[in-house]
$ cat data27.csv   # CSV, C-alpha atoms and all ligand atoms
chain,number,residue,atom,x,y,z
A,292,MET,CA,-12.0,22.9,-13.4
A,293,THR,CA,-14.7,20.2,-13.2
A,294,ASN,CA,-15.8,19.6,-9.6
A,295,ARG,CA,-13.7,17.0,-7.9
A,296,ILE,CA,-15.1,15.2,-4.9
A,297,PHE,CA,-13.4,13.9,-1.8
A,298,ASN,CA,-12.8,10.2,-2.6
A,299,PHE,CA,-12.2,8.1,0.5
A,300,SER,CA,-11.9,4.9,-1.6
A,301,ALA,CA,-9.5,2.3,-0.4
A,302,GLY,CA,-8.0,1.9,-3.9
A,303,PRO,CA,-7.7,2.9,-6.6
A,304,ALA,CA,-7.4,6.1,-4.6
A,305,MET,CA,-7.1,9.8,-5.2
A,306,LEU,CA,-4.1,11.1,-7.1
A,307,PRO,CA,-2.7,14.7,-6.6
A,308,THR,CA,-4.6,17.1,-8.8
A,309,SER,CA,-1.4,18.6,-10.1
A,310,VAL,CA,-0.3,15.2,-11.3
A,311,LEU,CA,-3.6,14.6,-13.2
A,312,GLU,CA,-3.3,18.1,-14.7
A,313,LYS,CA,0.3,17.5,-15.8
A,314,ALA,CA,-0.7,14.2,-17.4
A,315,ARG,CA,-3.5,15.9,-19.2
A,316,SER,CA,-1.2,18.6,-20.5
A,317,GLU,CA,1.2,16.0,-21.9
A,318,MET,CA,-1.5,13.6,-23.2
A,319,MET,CA,-1.6,14.4,-26.9
A,320,SER,CA,2.1,14.9,-27.5
A,321,PHE,CA,4.4,13.6,-24.8
A,322,ARG,CA,7.4,15.9,-24.6
A,323,GLY,CA,7.1,17.0,-28.1
A,324,SER,CA,7.0,13.5,-29.6
A,325,GLY,CA,3.6,13.9,-31.3
A,326,MET,CA,2.5,10.7,-29.5
A,327,SER,CA,1.0,10.1,-26.1
A,328,ILE,CA,3.1,8.2,-23.5
A,329,MET,CA,0.8,5.2,-24.2
A,330,GLU,CA,1.8,5.1,-27.9
A,331,ILE,CA,5.6,5.3,-27.7
A,332,SER,CA,7.9,2.3,-27.7
A,333,HIS,CA,8.9,1.1,-24.3
A,334,ARG,CA,12.4,0.6,-25.8
A,335,SER,CA,12.6,4.3,-26.8
A,336,GLU,CA,14.9,6.7,-25.0
A,337,LEU,CA,11.9,8.7,-24.1
A,338,PHE,CA,10.3,5.9,-22.2
A,339,GLU,CA,13.6,4.8,-20.7
A,340,SER,CA,14.0,8.3,-19.2
A,341,VAL,CA,10.5,8.0,-17.7
A,342,LEU,CA,11.3,4.6,-16.1
A,343,GLU,CA,14.5,6.0,-14.8
A,344,ALA,CA,12.8,9.0,-13.3
A,345,ALA,CA,10.2,6.7,-11.6
A,346,GLU,CA,12.9,4.5,-10.2
A,347,LYS,CA,15.0,7.5,-9.0
A,348,GLY,CA,12.0,9.1,-7.4
A,349,VAL,CA,11.3,5.9,-5.4
A,350,ARG,CA,14.9,5.6,-4.5
A,351,ASN,CA,15.1,9.2,-3.2
A,352,ALA,CA,11.8,9.1,-1.4
A,353,LEU,CA,12.7,6.0,0.6
A,354,SER,CA,16.5,6.3,0.6
A,355,VAL,CA,16.7,2.9,-1.1
A,356,PRO,CA,20.3,1.7,-0.7
A,357,LEU,CA,22.4,0.4,-3.7
A,358,SER,CA,22.1,-3.1,-2.2
A,359,HIS,CA,18.4,-3.2,-3.4
A,360,LYS,CA,16.8,-3.1,-6.8
A,361,VAL,CA,13.7,-1.1,-7.5
A,362,LEU,CA,11.4,-3.0,-9.9
A,363,PHE,CA,8.1,-2.3,-11.6
A,364,LEU,CA,6.0,-5.4,-12.1
A,365,GLN,CA,2.4,-6.3,-13.1
A,366,GLY,CA,-0.2,-8.6,-11.6
A,367,GLY,CA,-0.9,-6.4,-8.6
A,368,ALA,CA,0.3,-7.0,-5.0
A,369,SER,CA,-1.8,-10.2,-5.2
A,370,LEU,CA,0.7,-11.8,-7.6
A,371,GLN,CA,3.4,-11.2,-5.1
A,372,PHE,CA,1.5,-13.4,-2.7
A,373,SER,CA,2.4,-16.2,-5.1
A,374,MET,CA,5.7,-15.0,-6.5
A,375,ILE,CA,7.3,-14.7,-3.1
A,376,PRO,CA,6.8,-18.4,-2.1
A,377,MET,CA,7.4,-19.6,-5.7
A,378,ASN,CA,10.8,-18.0,-5.5
A,379,PHE,CA,11.8,-18.4,-1.9
A,380,LEU,CA,9.9,-21.3,-0.4
A,381,SER,CA,10.1,-24.9,-1.6
A,382,LYS,CA,8.7,-28.2,-0.5
A,383,GLY,CA,10.1,-29.3,2.9
A,384,ARG,CA,11.1,-25.7,3.8
A,385,SER,CA,9.2,-23.2,5.9
A,386,ALA,CA,8.3,-19.5,6.1
A,387,ASP,CA,6.9,-17.4,9.0
A,388,TYR,CA,3.7,-15.4,8.4
A,389,VAL,CA,2.3,-12.7,10.7
A,390,LEU,CA,-1.4,-12.3,10.1
A,391,THR,CA,-2.9,-9.0,11.1
A,392,GLY,CA,-5.7,-8.9,8.6
A,393,THR,CA,-7.3,-10.1,5.4
A,394,TRP,CA,-4.4,-9.4,3.0
A,395,GLY,CA,-1.9,-11.3,5.1
A,396,GLU,CA,-4.2,-14.3,5.2
A,397,LYS,CA,-4.5,-14.2,1.4
A,398,ALA,CA,-0.7,-14.2,1.2
A,399,ARG,CA,-0.6,-17.2,3.6
A,400,VAL,CA,-3.0,-19.2,1.4
A,401,GLU,CA,-0.7,-18.9,-1.6
A,402,ALA,CA,2.4,-19.8,0.4
A,403,ASP,CA,0.7,-22.9,1.7
A,404,ARG,CA,0.9,-24.3,-1.9
A,405,CYS,CA,4.7,-24.1,-1.9
A,406,GLY,CA,5.9,-25.2,1.5
A,407,ARG,CA,5.3,-25.2,5.2
A,408,VAL,CA,3.8,-22.0,6.7
A,409,ASN,CA,4.3,-21.1,10.4
A,410,VAL,CA,1.7,-18.6,11.4
A,411,ILE,CA,3.7,-17.0,14.2
A,412,TYR,CA,1.0,-14.4,15.0
A,413,SER,CA,-2.7,-14.2,14.1
A,414,GLY,CA,-5.2,-11.6,15.1
A,415,GLU,CA,-8.0,-13.4,13.4
A,416,GLU,CA,-9.9,-14.6,16.5
A,417,ASP,CA,-10.3,-11.0,17.7
A,418,GLY,CA,-11.5,-9.8,14.3
A,419,TYR,CA,-8.1,-8.4,13.3
A,420,ARG,CA,-7.8,-5.4,15.6
A,421,ALA,CA,-4.3,-5.7,16.8
A,422,VAL,CA,-0.6,-6.1,15.9
A,423,PRO,CA,1.8,-8.2,18.0
A,424,ASP,CA,3.9,-6.7,20.7
A,425,GLU,CA,7.3,-5.7,19.3
A,426,HIS,CA,9.1,-8.1,21.5
A,427,ALA,CA,6.6,-10.9,21.5
A,428,LEU,CA,7.3,-12.2,18.0
A,429,SER,CA,9.6,-15.2,17.8
A,430,PHE,CA,10.9,-16.4,14.5
A,431,SER,CA,11.4,-20.0,13.4
A,432,ASP,CA,15.1,-21.0,13.1
A,433,ASP,CA,14.5,-22.6,9.8
A,434,ALA,CA,12.2,-20.0,8.1
A,435,GLU,CA,13.2,-18.9,4.6
A,436,TYR,CA,11.6,-15.6,5.3
A,437,MET,CA,9.1,-13.7,7.5
A,438,HIS,CA,6.1,-12.1,5.8
A,439,PHE,CA,4.0,-9.4,7.3
A,440,THR,CA,1.6,-6.6,6.2
A,441,SER,CA,2.6,-3.2,7.5
A,442,ASN,CA,-0.9,-1.8,7.0
A,443,GLU,CA,-4.0,-4.0,6.7
A,444,THR,CA,-6.2,-1.9,4.5
A,445,ILE,CA,-9.5,-3.6,5.2
A,446,GLU,CA,-9.3,-3.6,9.0
A,447,GLY,CA,-7.3,-0.4,9.3
A,448,VAL,CA,-4.6,-2.1,11.4
A,449,GLN,CA,-1.0,-0.8,11.1
A,450,PHE,CA,2.3,-1.6,12.6
A,451,SER,CA,3.8,1.3,14.5
A,452,TYR,CA,7.2,-0.3,14.3
A,453,GLU,CA,9.4,-2.3,11.8
A,454,PRO,CA,9.8,-5.8,13.0
A,455,ASP,CA,13.3,-7.0,13.6
A,456,ALA,CA,13.5,-10.5,12.1
A,457,GLY,CA,17.2,-11.0,12.9
A,458,ASN,CA,18.8,-13.2,10.2
A,459,THR,CA,15.5,-14.1,8.7
A,460,ALA,CA,14.8,-12.4,5.5
A,461,LEU,CA,12.1,-9.8,6.2
A,462,ILE,CA,9.3,-9.4,3.6
A,463,CYS,CA,6.7,-6.7,3.8
A,464,ASP,CA,3.4,-6.1,1.9
A,465,ALA,CA,3.4,-2.3,2.2
A,466,SER,CA,0.7,-1.8,-0.5
A,467,SER,CA,-1.3,0.7,1.6
A,468,ASP,CA,1.3,2.6,3.5
A,469,ILE,CA,4.4,2.7,1.5
A,470,LEU,CA,5.7,6.3,1.2
A,471,SER,CA,3.4,7.5,4.0
A,472,ARG,CA,6.2,7.5,6.6
A,473,PRO,CA,9.9,6.8,6.6
A,474,ILE,CA,11.1,3.2,6.7
A,475,ASP,CA,14.5,1.7,7.0
A,476,VAL,CA,14.8,-0.2,3.7
A,477,THR,CA,18.1,-1.8,4.8
A,478,LYS,CA,16.0,-4.0,7.2
A,479,TYR,CA,14.1,-5.6,4.4
A,480,ALA,CA,14.8,-8.4,2.0
A,481,LEU,CA,11.8,-7.5,-0.1
A,482,ILE,CA,9.1,-4.8,0.1
A,483,TYR,CA,6.2,-4.8,-2.3
A,484,ALA,CA,3.2,-2.6,-3.0
A,485,GLY,CA,0.4,-2.4,-5.5
A,486,ALA,CA,0.6,1.2,-6.9
A,487,GLN,CA,-3.0,2.2,-6.7
A,488,LYS,CA,-3.0,3.4,-3.1
A,489,ASN,CA,0.1,5.6,-2.5
A,490,ILE,CA,2.2,5.4,-5.6
A,491,GLY,CA,0.1,5.9,-8.8
A,492,PRO,CA,-2.6,4.0,-10.8
A,493,SER,CA,-3.4,0.3,-10.6
A,494,GLY,CA,-1.6,-2.0,-12.9
A,495,VAL,CA,1.9,-1.5,-11.5
A,496,THR,CA,3.5,-3.3,-8.5
A,497,LEU,CA,6.5,-1.8,-6.9
A,498,VAL,CA,9.1,-4.4,-5.7
A,499,ILE,CA,12.1,-3.4,-3.7
A,500,ILE,CA,14.4,-6.4,-3.5
A,501,ARG,CA,17.8,-7.0,-1.9
A,502,ASP,CA,20.4,-8.3,-4.3
A,503,ASP,CA,21.1,-11.5,-2.4
A,504,MET,CA,17.5,-12.6,-2.7
A,505,LEU,CA,18.0,-12.7,-6.5
A,506,ASP,CA,20.5,-15.4,-6.1
A,507,ARG,CA,17.9,-17.5,-4.3
A,508,VAL,CA,15.6,-17.7,-7.3
A,509,PRO,CA,15.4,-21.3,-8.5
A,510,GLN,CA,17.2,-21.9,-11.9
A,511,ASP,CA,14.0,-23.3,-13.5
A,512,GLN,CA,11.7,-20.5,-12.5
A,513,HIS,CA,9.3,-19.3,-15.2
A,514,SER,CA,10.7,-16.1,-16.7
A,515,MET,CA,7.8,-13.8,-15.9
A,516,LEU,CA,7.8,-14.9,-12.3
A,517,ASN,CA,11.6,-14.7,-12.0
A,518,TYR,CA,12.8,-11.8,-9.9
A,519,ARG,CA,16.4,-12.3,-11.1
A,520,LYS,CA,15.4,-12.1,-14.8
A,521,ILE,CA,13.1,-9.2,-14.2
A,522,ALA,CA,15.9,-7.3,-12.4
A,523,ALA,CA,18.5,-8.3,-15.0
A,524,ASN,CA,16.2,-6.8,-17.7
A,525,GLY,CA,15.5,-3.6,-15.8
A,526,SER,CA,11.7,-4.3,-15.3
A,527,MET,CA,11.4,-4.7,-19.1
A,528,LEU,CA,11.4,-8.4,-19.6
A,529,ASN,CA,8.2,-7.7,-21.5
A,530,THR,CA,6.2,-4.6,-22.2
A,531,PRO,CA,5.7,-2.7,-19.0
A,532,ASN,CA,2.7,-0.6,-18.0
A,533,THR,CA,4.1,2.5,-19.6
A,534,TRP,CA,1.3,4.7,-18.6
A,535,GLY,CA,1.4,3.5,-15.0
A,536,VAL,CA,5.2,4.0,-14.7
A,537,TYR,CA,4.8,7.5,-16.2
A,538,LEU,CA,2.2,8.4,-13.6
A,539,ILE,CA,4.4,7.1,-10.9
A,540,SER,CA,7.2,9.3,-12.1
A,541,LEU,CA,4.9,12.3,-11.7
A,542,VAL,CA,3.7,11.3,-8.3
A,543,MET,CA,7.3,11.0,-7.1
A,544,GLU,CA,8.0,14.4,-8.5
A,545,TRP,CA,5.0,15.8,-6.6
A,546,LEU,CA,6.1,14.1,-3.4
A,547,GLU,CA,9.6,15.5,-3.7
A,548,GLU,CA,8.2,19.0,-4.3
A,549,ILE,CA,6.1,19.0,-1.1
A,550,GLY,CA,9.0,17.9,1.0
A,551,GLY,CA,9.2,14.1,0.6
A,552,VAL,CA,8.2,11.4,3.0
A,553,PRO,CA,9.0,13.2,6.2
A,554,ALA,CA,6.7,16.1,5.1
A,555,ILE,CA,3.8,13.8,4.0
A,556,GLU,CA,4.1,11.8,7.3
A,557,LYS,CA,3.4,15.0,9.2
A,558,ILE,CA,0.3,15.7,7.1
A,559,ASN,CA,-0.8,12.1,7.3
A,560,LYS,CA,-0.6,12.3,11.1
A,561,GLN,CA,-2.7,15.4,11.2
A,562,LYS,CA,-5.3,13.9,9.0
A,563,SER,CA,-5.6,10.6,11.0
A,564,GLU,CA,-5.4,12.3,14.4
A,565,ARG,CA,-8.3,14.6,13.5
A,566,LEU,CA,-10.5,11.6,12.5
A,567,TYR,CA,-9.6,9.5,15.5
A,568,ALA,CA,-10.3,12.5,17.7
A,569,ALA,CA,-13.7,12.8,16.2
A,570,ILE,CA,-14.4,9.1,16.9
A,571,ASP,CA,-13.1,9.2,20.5
A,572,GLY,CA,-14.9,12.5,21.2
A,573,SER,CA,-18.3,11.3,20.0
A,574,ASP,CA,-19.5,10.0,23.4
A,575,GLY,CA,-19.6,6.5,22.1
A,576,PHE,CA,-21.6,7.2,18.9
A,577,TYR,CA,-18.6,6.1,16.8
A,578,THR,CA,-16.4,3.2,17.8
A,579,GLY,CA,-13.0,2.6,16.3
A,580,HIS,CA,-12.3,-0.9,15.0
A,581,ALA,CA,-8.5,-1.2,15.7
A,582,GLU,CA,-6.9,-1.2,19.1
A,583,ARG,CA,-5.4,2.2,19.8
A,584,ASN,CA,-1.8,1.1,19.3
A,585,ALA,CA,-2.7,-0.5,16.0
A,586,ARG,CA,-4.6,2.3,14.5
A,587,SER,CA,-3.9,3.0,10.9
A,588,ASN,CA,-2.9,6.4,9.5
A,589,MET,CA,-4.2,5.4,6.1
A,590,ASN,CA,-7.4,3.5,6.6
A,591,VAL,CA,-9.6,4.8,9.5
A,592,THR,CA,-12.2,2.1,10.3
A,593,PHE,CA,-15.1,2.7,12.7
A,594,ARG,CA,-18.6,1.7,13.4
A,595,LEU,CA,-21.9,3.5,14.0
A,596,PRO,CA,-24.1,2.5,17.0
A,597,ALA,CA,-26.3,0.3,14.6
A,598,ALA,CA,-25.4,-1.3,11.3
A,599,GLU,CA,-28.7,0.0,9.9
A,600,LEU,CA,-27.3,3.5,10.0
A,601,ASP,CA,-24.3,2.7,7.7
A,602,ALA,CA,-26.3,3.2,4.5
A,603,ALA,CA,-27.7,6.5,5.6
A,604,PHE,CA,-24.3,7.7,6.7
A,605,CYS,CA,-22.7,6.8,3.4
A,606,SER,CA,-25.4,8.3,1.2
A,607,GLU,CA,-25.7,11.5,3.2
A,608,ALA,CA,-21.9,11.9,3.0
A,609,ALA,CA,-21.9,11.2,-0.7
A,610,ARG,CA,-24.4,14.0,-1.2
A,611,ARG,CA,-21.8,16.3,0.3
A,612,GLY,CA,-19.1,15.1,-2.0
A,613,LEU,CA,-17.6,12.6,0.5
A,614,ASP,CA,-17.5,9.3,-1.3
A,615,GLY,CA,-16.2,5.8,-0.9
A,616,LEU,CA,-16.8,5.5,2.9
A,617,ARG,CA,-18.5,2.2,3.1
A,618,GLY,CA,-16.5,-0.3,5.0
A,619,HIS,CA,-15.3,-3.5,3.4
A,620,ARG,CA,-18.1,-6.1,3.4
A,621,SER,CA,-16.0,-8.4,5.7
A,622,VAL,CA,-15.8,-5.8,8.4
A,623,GLY,CA,-18.8,-3.6,7.8
A,624,GLY,CA,-19.1,-0.1,9.3
A,625,ILE,CA,-17.2,2.8,7.8
A,626,ARG,CA,-13.7,3.1,6.4
A,627,ALA,CA,-12.1,6.4,5.5
A,628,SER,CA,-9.0,5.8,3.4
A,629,ILE,CA,-6.8,8.9,3.6
A,630,TYR,CA,-3.7,8.1,1.6
A,631,ASN,CA,-0.9,10.5,0.8
A,632,SER,CA,-2.8,12.4,-1.9
A,633,PHE,CA,-6.0,12.8,0.1
A,634,PRO,CA,-6.3,16.5,1.0
A,635,ILE,CA,-6.7,17.5,4.6
A,636,GLU,CA,-9.8,19.6,3.7
A,637,GLY,CA,-11.6,16.4,2.9
A,638,VAL,CA,-10.9,15.2,6.4
A,639,GLU,CA,-12.2,18.4,7.9
A,640,HIS,CA,-15.4,18.1,5.9
A,641,LEU,CA,-15.9,14.5,7.1
A,642,VAL,CA,-15.3,15.5,10.7
A,643,GLU,CA,-17.9,18.2,10.4
A,644,PHE,CA,-20.3,15.7,8.8
A,645,MET,CA,-19.7,13.1,11.5
A,646,GLY,CA,-20.6,15.7,14.2
A,647,GLU,CA,-23.8,16.6,12.5
A,648,PHE,CA,-24.7,13.0,11.7
A,649,SER,CA,-24.2,11.9,15.3
A,650,ALA,CA,-26.3,14.8,16.7
A,651,ALA,CA,-29.1,14.0,14.3
A,652,ASN,CA,-29.1,10.2,15.0
A,653,ARG,CA,-28.3,9.8,18.6
B,701,LIG,C1,-4.8,-3.5,-2.0
B,701,LIG,C2,-4.0,-4.4,-1.3
B,701,LIG,C3,-3.5,-5.6,-1.9
B,701,LIG,C4,-4.0,-6.1,-3.3
B,701,LIG,O1,-3.6,-5.3,-4.3
B,701,LIG,P1,-3.8,-5.7,-5.8
B,701,LIG,O2,-2.8,-4.8,-6.5
B,701,LIG,O3,-5.2,-5.4,-6.1
B,701,LIG,O4,-3.5,-7.1,-6.0
B,701,LIG,C5,-2.7,-6.4,-1.2
B,701,LIG,N1,-2.2,-6.1,0.0
B,701,LIG,C6,-2.6,-4.9,0.6
B,701,LIG,C7,-2.1,-4.6,2.0
B,701,LIG,C8,-3.5,-4.1,-0.1
B,701,LIG,O5,-3.9,-2.9,0.5
$ encode --input "data27.csv" --output "C-alpha cells" --more "lines below"
Ligand SMILES: *Cc1c(COP(=O)(O)O)cnc(C)c1O
Amino acid sequence: MTNRIFNFSAGPAMLPTSVLEKARSEMMSFRGSGMSIMEISHRSELFESVLEAAEKGVRNALSVPLSHKVLFLQGGASLQFSMIPMNFLSKGRSADYVLTGTWGEKARVEADRCGRVNVIYSGEEDGYRAVPDEHALSFSDDAEYMHFTSNETIEGVQFSYEPDAGNTALICDASSDILSRPIDVTKYALIYAGAQKNIGPSGVTLVIIRDDMLDRVPQDQHSMLNYRKIAANGSMLNTPNTWGVYLISLVMEWLEEIGGVPAIEKINKQKSERLYAAIDGSDGFYTGHAERNARSNMNVTFRLPAAELDAAFCSEAARRGLDGLRGHRSVGGIRASIYNSFPIEGVEHLVEFMGEFSAANR
C-alpha cells in the first residue's frame, strides 16, 4: 500500500482505510454493472439501494426514530445556515441562537436576514472557550427555534450535554461531532452536518428532520430550499451526489462493524484524553484553548509558549507524517482534529512528538 500519513485536518478529514479500499475495488465496475457508481443513473435500482443503505446506516447508528426523516442534501452545512431561517423564521418572528464559536456566529448572520435573532448566549468576548451552564440557558417564549453548535470545530469547544429547549424546536449544527457519541435524536427538531468530518466526503449534507417541521415550510418556498419537497422526493428532487452517498453507505457499514457509536465513543475518548493529558502534563509548555468542561473530543486546540514556534512545530510534525496541525487563522496555535476515522496510533505519534518538541524548545 502507498504510504498513508496521519492527517489531522479539520475537514475534509481522514476516511477509514478499509472504506477507501472497498471504494477502489468497486471503482471500475460497481457491483457487476460495468460502470462506476459515478456513471450510473440516480434513478436506477442500483443507486436506490445505495441511498437506502446510507439512510439505514445513519438510522441504525443514531437510533433515529420514525418521527424523523433522514435526508442527504448539497450545499454543505453552510447552506443550512440559510435554509433553516428561510424555512422556519419569518419577518416579525424570532429565533434563539447560542454562540460558542465561529460557525454558530456564521449561522446567526444568515438568520438575521430573515427575522429577529436573540443571542441567548455568546462566548465571543472570551475568545470562544466555553459553553453555557446547562441550567443557565433561558429560551425566549416566542422563539421559532433554538440553534446551537454541538462542537465548534475552529475553537475546539464542545457541549458535554444536550440542551433541553422545552417546547422550543431544538436545531443543532453537529457537523464536526455527529456519530462520535450517542445522542438522543428525539430531542431535536433538526440536526444537520456536512459529511466531510465524520460521515464521508464533502459535497453531502446530512439533515435529520422531525416530521412536524416539514409542515412549517412556507408554501411559496423555492423547491431546492424546501425541506418538505426534498423529503417528499426522498432526497432526489434533483441529481444527488451519488459518489458521496455511496461513500457514506460504506462509512456506515464500517462504523457498524466496529461496534457502532458506543464503540467509537470509547475510542474517541481515549484519543482525546491522551492528547489533553499531554497538554496538561507539559509543565505549561502547551496551553489548551477551551475551558476544561468545554474541551472537544474531536478538535483539540492548544497553544505553544510563543506563536513564533507554531511554524516549526507544524513543519517538524509534517516531516514525521503528522499533517494538518496548524490552527485556524482566527485562533492561531495548533489544532489536532481527531474524528472517528482518525487512528489512535496517530495520536500516540503526536503525543511522542509533543514531548520531544517541548524538551527541545523549552
Ligand atoms: C465544517 C463546518 C461547517 C461548514 O461546513 P461546509 O460543509 O463546508 O459548509 C459548519 N459548521 C461546523 C460546526 C463545521 O465544523
$ residues_near_ligand --input "data27.csv" --ligand "ligand LIG 701 (chain B)" --cutoff "9 Å" --atoms "only C-alpha atoms and all ligand atoms" --output "VMD selection string"
chain A and resid 301 to 303 365 to 372 392 to 395 397 to 398 440 to 445 464 to 468 483 to 488 493 to 496
$ atom_distance --input "data27.csv" --atom1 "atom CA of A:Leu616" --atom2 "atom CA of A:Ser628"
7.8 Å
$ closest_residue --input "data27.csv" --among "A:Met319, A:Met329, A:Leu337, A:Ala352" --to "A:Trp534" --atoms "all atoms listed in the file"
A:Met329
$ closest_residue --input "data27.csv" --among "A:Asn559, A:Asn351, A:Thr533, A:Ser332" --to "A:Arg472" --atoms "only C-alpha atoms"
A:Asn559
$ atom_distance --input "data27.csv" --atom1 "atom CA of A:Ala602" --atom2 "atom CA of A:Arg617"
8.0 Å
$ closest_residue --input "data27.csv" --among "A:Phe430, A:Lys557, A:Gly348, A:Gly612" --to "A:Asn294" --atoms "only C-alpha atoms"
A:Gly612
$ closest_residue --input "data27.csv" --among "A:Arg322, A:Lys313, A:His619, A:His359" --to "A:Val498" --atoms "only C-alpha atoms"
A:His359
$ residues_near_point --input "data27.csv" --point "(5.5, 10.1, 2.5)" --cutoff "10 Å" --atoms "only C-alpha atoms" --output "list in words"
Ala352, Leu353, Asp468, Ile469, Leu470, Ser471, Arg472, Pro473, Ile474, Asn489, Ile490, Met543, Leu546, Glu547, Ile549, Gly550, Gly551, Val552, Pro553, Ala554, Ile555, Glu556, Lys557, Ile558, Asn559, Tyr630, Asn631 and Ser632 of chain A
$ atom_distance --input "data27.csv" --atom1 "atom CA of A:Glu564" --atom2 "atom CA of A:His426"
26.0 Å
$ closest_residue --input "data27.csv" --among "A:Met527, A:Ile570, A:Ala598, A:Ala456" --to "A:Ile411" --atoms "all atoms listed in the file"
A:Ala456
$ closest_residue --input "data27.csv" --among "A:Val508, A:Val622, A:Arg611, A:Ala651" --to "A:Arg295" --atoms "only C-alpha atoms"
A:Arg611
$ residues_around --input "data27.csv" --residues "A:Arg610" --least-positions-apart "5" --cutoff "12 Å" --atoms "all atoms listed in the file" --output "list of chain:residue names"
A:Ile296, A:Phe297, A:Ala603, A:Phe604, A:Cys605, A:Gly615, A:Leu641, A:Phe644
$ residues_around --input "data27.csv" --residues "A:Leu390" --least-positions-apart "4" --cutoff "9 Å" --atoms "only C-alpha atoms" --output "PyMOL selection string"
chain A and resi 394-396+399+410-415+419+422+438-440
$ decode --input "data27.csv" --residues "stretch 472-484 of chain A" --atoms "N, CA, C and O atoms" --output "PDB file, in the first residue's frame"
ATOM      1  N   ARG A 472     -20.531  10.193  19.327  1.00  0.00           N
ATOM      2  CA  ARG A 472     -21.040   9.786  20.638  1.00  0.00           C
ATOM      3  C   ARG A 472     -22.556   9.675  20.507  1.00  0.00           C
ATOM      4  O   ARG A 472     -23.149  10.299  19.618  1.00  0.00           O
ATOM      5  N   PRO A 473     -23.187   8.919  21.379  1.00  0.00           N
ATOM      6  CA  PRO A 473     -24.635   8.768  21.251  1.00  0.00           C
ATOM      7  C   PRO A 473     -25.343  10.097  21.508  1.00  0.00           C
ATOM      8  O   PRO A 473     -24.898  10.896  22.334  1.00  0.00           O
ATOM      9  N   ILE A 474     -26.398  10.350  20.768  1.00  0.00           N
ATOM     10  CA  ILE A 474     -27.273  11.480  21.066  1.00  0.00           C
ATOM     11  C   ILE A 474     -28.707  10.967  21.095  1.00  0.00           C
ATOM     12  O   ILE A 474     -29.000   9.894  20.563  1.00  0.00           O
ATOM     13  N   ASP A 475     -29.588  11.765  21.715  1.00  0.00           N
ATOM     14  CA  ASP A 475     -30.994  11.390  21.787  1.00  0.00           C
ATOM     15  C   ASP A 475     -31.737  12.183  20.714  1.00  0.00           C
ATOM     16  O   ASP A 475     -32.142  13.321  20.936  1.00  0.00           O
ATOM     17  N   VAL A 476     -31.897  11.560  19.560  1.00  0.00           N
ATOM     18  CA  VAL A 476     -32.464  12.268  18.399  1.00  0.00           C
ATOM     19  C   VAL A 476     -33.880  12.766  18.686  1.00  0.00           C
ATOM     20  O   VAL A 476     -34.317  13.776  18.129  1.00  0.00           O
ATOM     21  N   THR A 477     -34.594  12.097  19.596  1.00  0.00           N
ATOM     22  CA  THR A 477     -35.975  12.520  19.881  1.00  0.00           C
ATOM     23  C   THR A 477     -36.039  13.953  20.413  1.00  0.00           C
ATOM     24  O   THR A 477     -37.073  14.588  20.350  1.00  0.00           O
ATOM     25  N   LYS A 478     -34.910  14.444  20.940  1.00  0.00           N
ATOM     26  CA  LYS A 478     -34.897  15.812  21.486  1.00  0.00           C
ATOM     27  C   LYS A 478     -34.867  16.890  20.417  1.00  0.00           C
ATOM     28  O   LYS A 478     -35.082  18.055  20.710  1.00  0.00           O
ATOM     29  N   TYR A 479     -34.527  16.524  19.198  1.00  0.00           N
ATOM     30  CA  TYR A 479     -34.217  17.531  18.188  1.00  0.00           C
ATOM     31  C   TYR A 479     -35.314  17.666  17.137  1.00  0.00           C
ATOM     32  O   TYR A 479     -35.909  16.684  16.704  1.00  0.00           O
ATOM     33  N   ALA A 480     -35.507  18.916  16.716  1.00  0.00           N
ATOM     34  CA  ALA A 480     -36.378  19.185  15.575  1.00  0.00           C
ATOM     35  C   ALA A 480     -35.592  19.012  14.280  1.00  0.00           C
ATOM     36  O   ALA A 480     -36.135  18.586  13.261  1.00  0.00           O
ATOM     37  N   LEU A 481     -34.316  19.353  14.343  1.00  0.00           N
ATOM     38  CA  LEU A 481     -33.466  19.244  13.149  1.00  0.00           C
ATOM     39  C   LEU A 481     -32.001  19.135  13.586  1.00  0.00           C
ATOM     40  O   LEU A 481     -31.556  19.893  14.450  1.00  0.00           O
ATOM     41  N   ILE A 482     -31.300  18.207  12.989  1.00  0.00           N
ATOM     42  CA  ILE A 482     -29.856  18.073  13.188  1.00  0.00           C
ATOM     43  C   ILE A 482     -29.232  18.078  11.796  1.00  0.00           C
ATOM     44  O   ILE A 482     -29.746  17.406  10.896  1.00  0.00           O
ATOM     45  N   TYR A 483     -28.166  18.841  11.627  1.00  0.00           N
ATOM     46  CA  TYR A 483     -27.515  18.817  10.309  1.00  0.00           C
ATOM     47  C   TYR A 483     -26.010  18.713  10.454  1.00  0.00           C
ATOM     48  O   TYR A 483     -25.447  19.060  11.493  1.00  0.00           O
ATOM     49  N   ALA A 484     -25.392  18.212   9.390  1.00  0.00           N
ATOM     50  CA  ALA A 484     -23.942  18.025   9.425  1.00  0.00           C
ATOM     51  C   ALA A 484     -23.398  17.909   8.012  1.00  0.00           C
ATOM     52  O   ALA A 484     -23.899  17.108   7.221  1.00  0.00           O
TER      53      ALA A 484
END
